[in-house]
file run-v7.txt (compact mmCIF, C-alpha atoms)
# COMPACT_ATOMS: atom_id res chain seq x y z
CA ASP A 1 109.29 -106.01 -55.47
CA ALA A 2 106.24 -106.49 -53.24
CA GLY A 3 104.40 -103.73 -55.09
CA GLN A 4 104.83 -105.28 -58.51
CA ARG A 5 102.89 -108.53 -58.41
CA ASN A 6 101.74 -108.83 -62.02
CA GLY A 7 98.13 -109.39 -62.93
CA PRO A 8 95.68 -109.03 -65.81
CA SER A 9 95.35 -105.78 -67.70
CA ARG A 10 92.00 -104.03 -67.60
CA ALA A 11 91.36 -104.85 -71.26
CA ALA A 12 91.99 -108.56 -70.65
CA VAL A 13 89.20 -108.94 -68.08
CA SER A 14 85.57 -109.43 -68.96
CA ALA A 15 82.91 -106.91 -67.96
CA PRO A 16 81.55 -107.25 -64.42
CA ASP A 17 78.31 -109.07 -63.70
CA PRO A 18 75.65 -106.39 -63.01
CA ALA A 19 73.98 -108.68 -60.47
CA SER A 20 77.23 -108.85 -58.48
CA LEU A 21 77.47 -105.08 -58.30
CA ASP A 22 73.78 -104.86 -57.36
CA ARG A 23 74.58 -107.12 -54.42
CA VAL A 24 77.38 -104.73 -53.40
CA ALA A 25 74.93 -101.81 -53.44
CA ALA A 26 72.43 -103.75 -51.29
CA ALA A 27 75.05 -104.65 -48.66
CA THR A 28 76.86 -101.29 -48.43
CA VAL A 29 75.51 -99.06 -45.65
CA ARG A 30 75.77 -95.42 -44.62
CA ILE A 31 76.88 -94.63 -41.07
CA VAL A 32 75.76 -91.48 -39.22
CA SER A 33 77.09 -90.80 -35.73
CA GLN A 34 76.99 -88.05 -33.14
CA ILE A 35 79.97 -87.27 -30.96
CA THR A 36 81.32 -84.61 -28.61
CA LEU A 37 85.00 -83.99 -29.31
CA ALA A 38 87.89 -81.65 -28.58
CA ASP A 39 89.21 -79.67 -31.53
CA PRO A 40 92.69 -78.13 -31.15
CA GLU A 41 91.50 -74.89 -32.77
CA PHE A 42 87.87 -74.55 -31.70
CA GLY A 43 87.81 -76.36 -28.35
CA THR A 44 84.92 -78.60 -27.28
CA LEU A 45 82.37 -79.27 -30.01
CA GLN A 46 79.12 -80.96 -29.00
CA ASN A 47 76.82 -83.17 -31.08
CA VAL A 48 79.15 -83.22 -34.07
CA VAL A 49 77.71 -85.36 -36.86
CA GLY A 50 80.16 -87.85 -38.38
CA GLN A 51 79.51 -89.93 -41.47
CA GLY A 52 81.13 -92.92 -43.08
CA SER A 53 80.46 -96.12 -44.97
CA GLY A 54 80.42 -99.79 -44.06
CA PHE A 55 79.33 -103.17 -45.39
CA LEU A 56 77.45 -106.19 -44.11
CA ILE A 57 79.41 -109.42 -43.67
CA SER A 58 76.65 -111.66 -42.28
CA ALA A 59 72.91 -112.17 -42.61
CA ASP A 60 72.47 -111.50 -38.89
CA GLY A 61 73.66 -107.90 -39.22
CA LEU A 62 77.41 -107.70 -38.59
CA VAL A 63 78.87 -104.63 -40.29
CA VAL A 64 82.49 -103.64 -40.91
CA ILE A 65 83.23 -99.92 -40.50
CA ALA A 66 86.22 -97.66 -39.73
CA ASN A 67 87.26 -97.26 -36.08
CA HIS A 68 87.55 -93.47 -36.35
CA VAL A 69 83.85 -93.34 -37.23
CA VAL A 70 82.80 -95.21 -34.08
CA THR A 71 85.16 -94.75 -31.09
CA GLY A 72 83.76 -92.30 -28.55
CA VAL A 73 80.44 -91.72 -30.32
CA GLY A 74 77.20 -91.19 -28.41
CA THR A 75 74.83 -92.41 -31.13
CA LEU A 76 75.35 -94.64 -34.14
CA ASN A 77 72.66 -94.91 -36.81
CA VAL A 78 72.91 -97.03 -39.93
CA ASN A 79 71.04 -96.43 -43.17
CA VAL A 80 70.44 -99.81 -44.82
CA PRO A 81 69.46 -99.84 -48.53
CA GLY A 82 65.79 -100.67 -48.98
CA ARG A 83 64.79 -99.60 -45.46
CA ARG A 84 62.98 -96.32 -44.97
CA GLU A 85 64.31 -95.55 -41.50
CA PRO A 86 67.86 -95.85 -40.08
CA VAL A 87 68.51 -98.45 -37.41
CA ASN A 88 70.53 -98.09 -34.21
CA ALA A 89 73.70 -100.16 -34.13
CA ARG A 90 75.68 -101.57 -31.22
CA VAL A 91 79.48 -101.56 -31.21
CA ILE A 92 80.95 -105.08 -30.91
CA ALA A 93 84.69 -104.25 -30.86
CA ALA A 94 87.27 -102.01 -32.52
CA SER A 95 90.94 -101.63 -33.43
CA GLU A 96 92.57 -98.20 -33.28
CA CYS A 97 95.73 -99.24 -35.10
CA ALA A 98 94.00 -101.10 -37.94
CA ASP A 99 91.21 -98.45 -38.09
CA LEU A 100 88.58 -101.20 -38.14
CA ALA A 101 85.46 -101.89 -36.11
CA ILE A 102 82.50 -104.24 -36.17
CA ILE A 103 78.99 -103.17 -35.23
CA GLN A 104 75.77 -105.17 -34.86
CA LEU A 105 72.46 -104.27 -36.48
CA PRO A 106 69.17 -105.47 -34.98
CA SER A 107 67.20 -108.33 -36.55
CA ASP A 108 68.51 -110.50 -39.40
CA GLY A 109 67.93 -111.43 -43.06
CA TYR A 110 70.39 -108.86 -44.38
CA PRO A 111 72.25 -109.19 -47.70
CA PHE A 112 75.99 -109.49 -47.16
CA LEU A 113 79.30 -109.63 -49.03
CA ASP A 114 81.91 -112.38 -49.20
CA PHE A 115 85.65 -111.88 -48.98
CA HIS A 116 87.87 -112.79 -51.93
CA ASP A 117 90.06 -115.78 -51.09
CA GLN A 118 93.20 -114.70 -52.99
CA PRO A 119 95.43 -111.59 -52.89
CA VAL A 120 94.74 -109.14 -55.69
CA SER A 121 97.30 -108.40 -58.41
CA VAL A 122 98.50 -105.21 -60.07
CA GLY A 123 96.10 -104.29 -62.87
CA THR A 124 93.09 -106.06 -61.33
CA PRO A 125 89.86 -104.09 -61.98
CA ILE A 126 88.22 -102.96 -58.75
CA TYR A 127 85.22 -100.92 -57.56
CA ALA A 128 84.99 -98.71 -54.46
CA ALA A 129 81.49 -98.52 -52.96
CA GLY A 130 80.12 -96.13 -50.35
CA TYR A 131 78.56 -92.81 -49.48
CA PRO A 132 81.08 -90.04 -50.21
CA LEU A 133 80.98 -86.52 -48.77
CA GLY A 134 78.22 -87.38 -46.30
CA GLN A 135 75.61 -87.52 -49.05
CA PRO A 136 72.73 -90.00 -48.82
CA GLU A 137 73.22 -91.23 -52.39
CA TYR A 138 75.17 -94.45 -52.92
CA ALA A 139 78.19 -94.18 -55.24
CA LEU A 140 80.32 -96.75 -57.05
CA VAL A 141 83.58 -95.82 -58.79
CA SER A 142 85.88 -98.04 -60.81
CA GLY A 143 89.65 -98.34 -61.23
CA ILE A 144 92.52 -100.79 -61.09
CA VAL A 145 95.02 -101.94 -58.49
CA ALA A 146 98.24 -99.93 -58.84
CA LYS A 147 100.17 -101.68 -56.04
CA TRP A 148 99.01 -104.55 -53.90
CA ASP A 149 101.43 -103.88 -51.02
CA ALA A 150 101.92 -100.18 -50.24
CA PRO A 151 102.88 -98.64 -46.86
CA GLY A 152 99.92 -97.74 -44.65
CA GLU A 153 101.22 -95.42 -41.93
CA THR A 154 98.93 -92.41 -41.35
CA SER A 155 98.28 -89.83 -38.64
CA TRP A 156 95.24 -91.81 -37.39
CA ALA A 157 96.25 -95.49 -37.81
CA SER A 158 99.17 -97.84 -38.50
CA VAL A 159 98.45 -100.50 -41.11
CA GLU A 160 101.07 -102.95 -42.32
CA GLN A 161 99.79 -103.46 -45.83
CA VAL A 162 97.42 -101.42 -47.97
CA ILE A 163 96.28 -101.70 -51.57
CA HIS A 164 97.00 -98.66 -53.75
CA TYR A 165 94.32 -98.13 -56.42
CA ASP A 166 93.12 -95.31 -58.68
CA ALA A 167 89.32 -95.28 -58.17
CA ALA A 168 88.66 -91.78 -56.82
CA VAL A 169 87.03 -91.83 -53.36
CA ASN A 170 86.25 -89.00 -50.95
CA PRO A 171 85.72 -88.44 -47.21
CA GLY A 172 82.69 -90.52 -46.26
CA ASN A 173 83.91 -93.54 -48.22
CA SER A 174 86.06 -94.72 -45.25
CA GLY A 175 85.10 -98.21 -44.14
CA GLY A 176 83.34 -99.05 -47.39
CA PRO A 177 84.20 -102.13 -49.46
CA LEU A 178 86.70 -102.35 -52.30
CA VAL A 179 85.40 -105.18 -54.48
CA ASN A 180 86.37 -107.11 -57.60
CA GLU A 181 84.18 -107.73 -60.64
CA ASP A 182 82.44 -110.61 -58.89
CA GLY A 183 81.38 -108.36 -56.01
CA GLN A 184 83.80 -109.98 -53.56
CA VAL A 185 85.57 -107.77 -51.01
CA VAL A 186 89.31 -107.42 -51.69
CA GLY A 187 89.98 -104.51 -49.31
CA ILE A 188 88.45 -101.89 -47.01
CA VAL A 189 88.59 -98.21 -48.04
CA TYR A 190 91.12 -96.49 -45.80
CA ALA A 191 92.77 -93.31 -47.07
CA GLY A 192 93.23 -91.06 -50.08
CA ASN A 193 95.53 -88.45 -51.57
CA LEU A 194 93.26 -86.59 -53.97
CA PRO A 195 95.83 -84.21 -55.55
CA PHE A 196 97.94 -87.18 -56.63
CA ASN A 197 95.04 -89.52 -57.50
CA GLN A 198 96.28 -92.06 -54.93
CA PHE A 199 93.79 -94.06 -52.90
CA PHE A 200 94.33 -96.87 -50.40
CA ALA A 201 92.42 -99.81 -48.93
CA ILE A 202 93.35 -102.14 -46.07
CA GLY A 203 94.38 -105.46 -47.59
CA LEU A 204 92.76 -108.67 -46.43
CA GLU A 205 96.06 -110.15 -45.20
CA VAL A 206 95.89 -107.48 -42.48
CA ALA A 207 92.12 -107.01 -42.15
CA LEU A 208 90.83 -110.59 -41.83
CA PRO A 209 92.82 -111.63 -38.71
CA VAL A 210 91.77 -108.38 -37.00
CA LEU A 211 88.11 -108.85 -37.97
CA ASP A 212 88.16 -112.44 -36.68
CA THR A 213 89.24 -111.06 -33.29
CA LEU A 214 86.67 -108.25 -33.32
CA LYS A 215 83.82 -110.64 -34.11
CA THR A 216 84.45 -112.35 -30.76
CA GLY A 217 83.85 -109.03 -28.96
CA GLN A 218 87.52 -108.52 -28.15
CA ASN A 219 89.15 -105.19 -29.00
CA HIS A 220 92.45 -105.27 -30.89
CA ASP A 221 95.33 -102.80 -30.35
CA TRP A 222 92.87 -100.45 -28.67
CA ILE A 223 92.77 -98.39 -25.49
CA GLY A 224 89.63 -96.40 -26.35
CA VAL A 225 90.82 -93.17 -27.92
CA ASN A 226 89.99 -91.51 -31.19
CA GLY A 227 93.44 -89.97 -31.65
CA GLU A 228 95.70 -88.38 -34.24
CA ALA A 229 99.46 -88.01 -34.33
CA PHE A 230 100.95 -84.55 -34.86
CA VAL A 231 104.28 -82.73 -34.92
CA ALA A 232 104.47 -79.03 -34.01
CA GLY A 233 108.03 -77.74 -33.85
CA ASN A 234 109.83 -79.76 -31.19
CA VAL A 235 106.58 -81.17 -29.79
CA SER A 236 104.92 -84.37 -30.95
CA GLY A 237 102.27 -86.70 -29.60
CA ILE A 238 98.77 -88.07 -30.07
CA TRP A 239 95.94 -85.55 -29.90
CA VAL A 240 92.88 -87.10 -28.23
CA TRP A 241 89.73 -86.12 -30.12
CA SER A 242 87.42 -88.30 -28.02
CA VAL A 243 87.47 -91.13 -25.48
CA GLU A 244 85.31 -94.27 -25.30
CA SER A 245 83.41 -94.47 -22.01
CA GLY A 246 84.60 -97.32 -19.79
CA SER A 247 87.74 -97.93 -21.85
CA PRO A 248 91.26 -98.20 -20.37
CA ALA A 249 91.87 -94.62 -21.51
CA ASP A 250 88.71 -93.39 -19.78
CA LEU A 251 89.43 -95.30 -16.57
CA VAL A 252 92.92 -93.82 -16.32
CA GLY A 253 91.44 -90.32 -16.57
CA LEU A 254 92.28 -89.43 -20.17
CA ALA A 255 89.95 -86.78 -21.60
CA PRO A 256 89.27 -85.19 -25.00
CA GLY A 257 91.83 -82.47 -25.64
CA ASP A 258 94.65 -84.27 -23.83
CA VAL A 259 97.88 -85.12 -25.63
CA ILE A 260 99.52 -88.52 -25.15
CA ILE A 261 103.23 -87.78 -25.34
CA GLU A 262 104.68 -91.11 -24.17
CA LEU A 263 103.79 -94.78 -23.83
CA GLU A 264 106.23 -96.89 -21.83
CA ARG A 265 108.46 -93.75 -21.76
CA LEU A 266 108.81 -93.80 -25.55
CA ALA A 267 108.06 -90.52 -27.38
CA LEU A 268 105.11 -90.69 -29.77
CA GLY A 269 104.16 -89.14 -33.10
CA ARG A 270 107.70 -88.06 -34.02
CA ASP A 271 107.12 -88.79 -37.72
CA GLY A 272 103.53 -87.52 -37.71
CA THR A 273 102.11 -91.06 -37.75
CA MET A 274 100.70 -93.55 -35.23
CA HIS A 275 103.58 -95.96 -35.87
CA ASP A 276 105.32 -95.61 -32.48
CA TYR A 277 102.02 -95.59 -30.56
CA CYS A 278 100.83 -98.78 -32.27
CA ASP A 279 104.21 -100.46 -31.94
CA VAL A 280 103.91 -100.15 -28.16
CA LEU A 281 100.32 -101.47 -28.11
CA GLN A 282 101.25 -104.37 -30.38
CA THR A 283 104.24 -105.22 -28.18
CA ARG A 284 102.56 -104.82 -24.80
CA GLY A 285 99.01 -105.83 -25.70
CA SER A 286 95.85 -103.85 -24.99
CA GLU A 287 95.07 -105.68 -21.71
CA ARG A 288 98.44 -105.35 -19.97
CA VAL A 289 99.62 -102.48 -17.80
CA VAL A 290 101.18 -99.78 -19.98
CA GLY A 291 102.90 -96.67 -18.69
CA ILE A 292 101.43 -93.44 -20.11
CA THR A 293 102.48 -89.78 -19.98
CA VAL A 294 99.95 -87.13 -20.89
CA PHE A 295 100.00 -83.35 -21.29
CA SER A 296 96.74 -81.73 -20.24
CA PRO A 297 96.18 -78.31 -21.87
CA ARG A 298 93.29 -77.77 -19.43
CA THR A 299 95.68 -77.59 -16.48
CA GLY A 300 99.06 -77.15 -18.16
CA GLN A 301 100.29 -80.25 -16.29
CA ILE A 302 102.21 -83.30 -17.45
CA LEU A 303 100.69 -86.37 -15.79
CA GLU A 304 101.95 -89.93 -15.49
CA GLY A 305 99.96 -93.08 -14.89
CA GLN A 306 99.33 -96.62 -16.04
CA LEU A 307 96.72 -97.88 -18.46
CA ASN A 308 94.98 -100.87 -16.88
CA GLY A 309 96.68 -99.81 -13.64
CA ARG A 310 96.53 -96.77 -11.38
CA PRO A 311 94.89 -93.46 -12.49
CA LEU A 312 96.91 -90.49 -13.66
CA GLN A 313 97.98 -88.27 -10.78
call {"tool": "encode", "arguments": {"input": "run-v7.txt", "output": "structure tokens"}}
result
Amino acid sequence: DAGQRNGPSRAAVSAPDPASLDRVAAATVRIVSQITLADPEFGTLQNVVGQGSGFLISADGLVVIANHVVTGVGTLNVNVPGRREPVNARVIAASECADLAIIQLPSDGYPFLDFHDQPVSVGTPIYAAGYPLGQPEYALVSGIVAKWDAPGETSWASVEQVIHYDAAVNPGNSGGPLVNEDGQVVGIVYAGNLPFNQFFAIGLEVALPVLDTLKTGQNHDWIGVNGEAFVAGNVSGIWVWSVESGSPADLVGLAPGDVIIELERLALGRDGTMHDYCDVLQTRGSERVVGITVFSPRTGQILEGQLNGRPLQ
């Protein structure tokens, strides 16, 4: 069973090195963004403040964060521990389906975290670092790995493999590091199910190949939307919260509040997840021409067009 790789019990592992966890605190950052988005209930909302977590992976200021925190934002400020004022960050590249992005901070000389070079095992002690609930105070919570290979389909991303752990995280922790007792990153905080004490991080088998692509400045399984799958009666699709300026989605005429109902004439969001949407992007590639069908609530029209091709008519 992929979810039952055995590992050490919590009692069998020595206490963590405080210096290692201090290094995690120094390299974990707080993200504050501003965005204008379309809410299905309240309509257009301007200058909405979004918050999340991230972590430095290089001395020259590369930071890993969650895609849903960055795509379509107007401003992106990063609070770095030990610095009095936030710094403006520049987006390098993003992946909608993996819910990952890399941003660049100005200057250099930053503390950073290393990735663990082995898969984690069930029972491995872990720590989730970040800034939960939009608060400015750093938080670190402990737990163990419950499963090392759990399903990762959600309404906002489609991840092949996630780590299931029991360290309680909250909104705002997304994009923060999940680390072992040596302060090495073993996963990236992704999702949670608070009532059932279930929490999930993107495993490195999935994350590292995507991050290697993003570091080159190339987007991965990305058309430039901050979207979410939904099912309402007999209707399903991808609600577009926001659109990245200059992206394939923007150039084809997609706008916040639109609903993507088909890619390549395949219905989307039927199970309430991004699985079908991401399957098409992973098959076709983000740079190729992809047929798209959109419902526009603004006009009541269903429009057809081609991403990386002709505009919607």
call {"tool": "closest_residue", "arguments": {"input": "run-v7.txt", "among": "A:Trp222, A:Ala191, A:Leu178, A:Ala129", "to": "Pro151 (chain A)", "atoms": "only C-alpha atoms"}}
result
A:Ala191
call {"tool": "atom_distance", "arguments": {"input": "run-v7.txt", "atom1": "CA of Ala168 (chain A)", "atom2": "CA of Ala94 (chain A)"}}
result
26.4 Å
call {"tool": "closest_residue", "arguments": {"input": "run-v7.txt", "among": "A:Pro40, A:Gly233, A:Pro132, A:Gly285", "to": "Asn170 (chain A)", "atoms": "only C-alpha atoms"}}
result
A:Pro132
call {"tool": "residues_around", "arguments": {"input": "run-v7.txt", "residues": "region 296-312 of chain A", "least_positions_apart": "4", "cutoff": "6 Å", "atoms": "all atoms listed in the file", "output": "list of chain:residue names"}}
result
A:Pro248, A:Val252, A:Asp258, A:Val289, A:Val290, A:Gly291, A:Ile292
call {"tool": "residues_near_point", "arguments": {"input": "run-v7.txt", "point": "(71.1, -101.2, -46.4)", "cutoff": "10 Å", "atoms": "only C-alpha atoms", "output": "list in words"}}
result
Ala25, Ala26, Ala27, Thr28, Val29, Arg30, Gly54, Phe55, Leu56, Val78, Asn79, Val80, Pro81, Gly82, Arg83, Arg84, Pro86, Val87, Tyr110, Pro111 and Phe112 of chain A
call {"tool": "atom_distance", "arguments": {"input": "run-v7.txt", "atom1": "CA of Gly227 (chain A)", "atom2": "CA of Ile260 (chain A)"}}
result
9.0 Å
call {"tool": "atom_distance", "arguments": {"input": "run-v7.txt", "atom1": "CA of Pro16 (chain A)", "atom2": "CA of Gly192 (chain A)"}}
result
24.6 Å
call {"tool": "closest_atom_pairs", "arguments": {"input": "run-v7.txt", "of": "region 133-232 of chain A", "to": "region 17-21 of chain A", "cutoff": "9 Å", "atoms": "only C-alpha atoms", "output": "tab-separated table"}}
result
residue	atom	partner	partner_atom	distance
A:Leu140	CA	A:Leu21	CA	8.9
A:Val179	CA	A:Leu21	CA	8.8
A:Glu181	CA	A:Asp17	CA	6.8
A:Asp182	CA	A:Ser20	CA	5.5
A:Gly183	CA	A:Ser20	CA	4.9
A:Gln184	CA	A:Ser20	CA	8.3
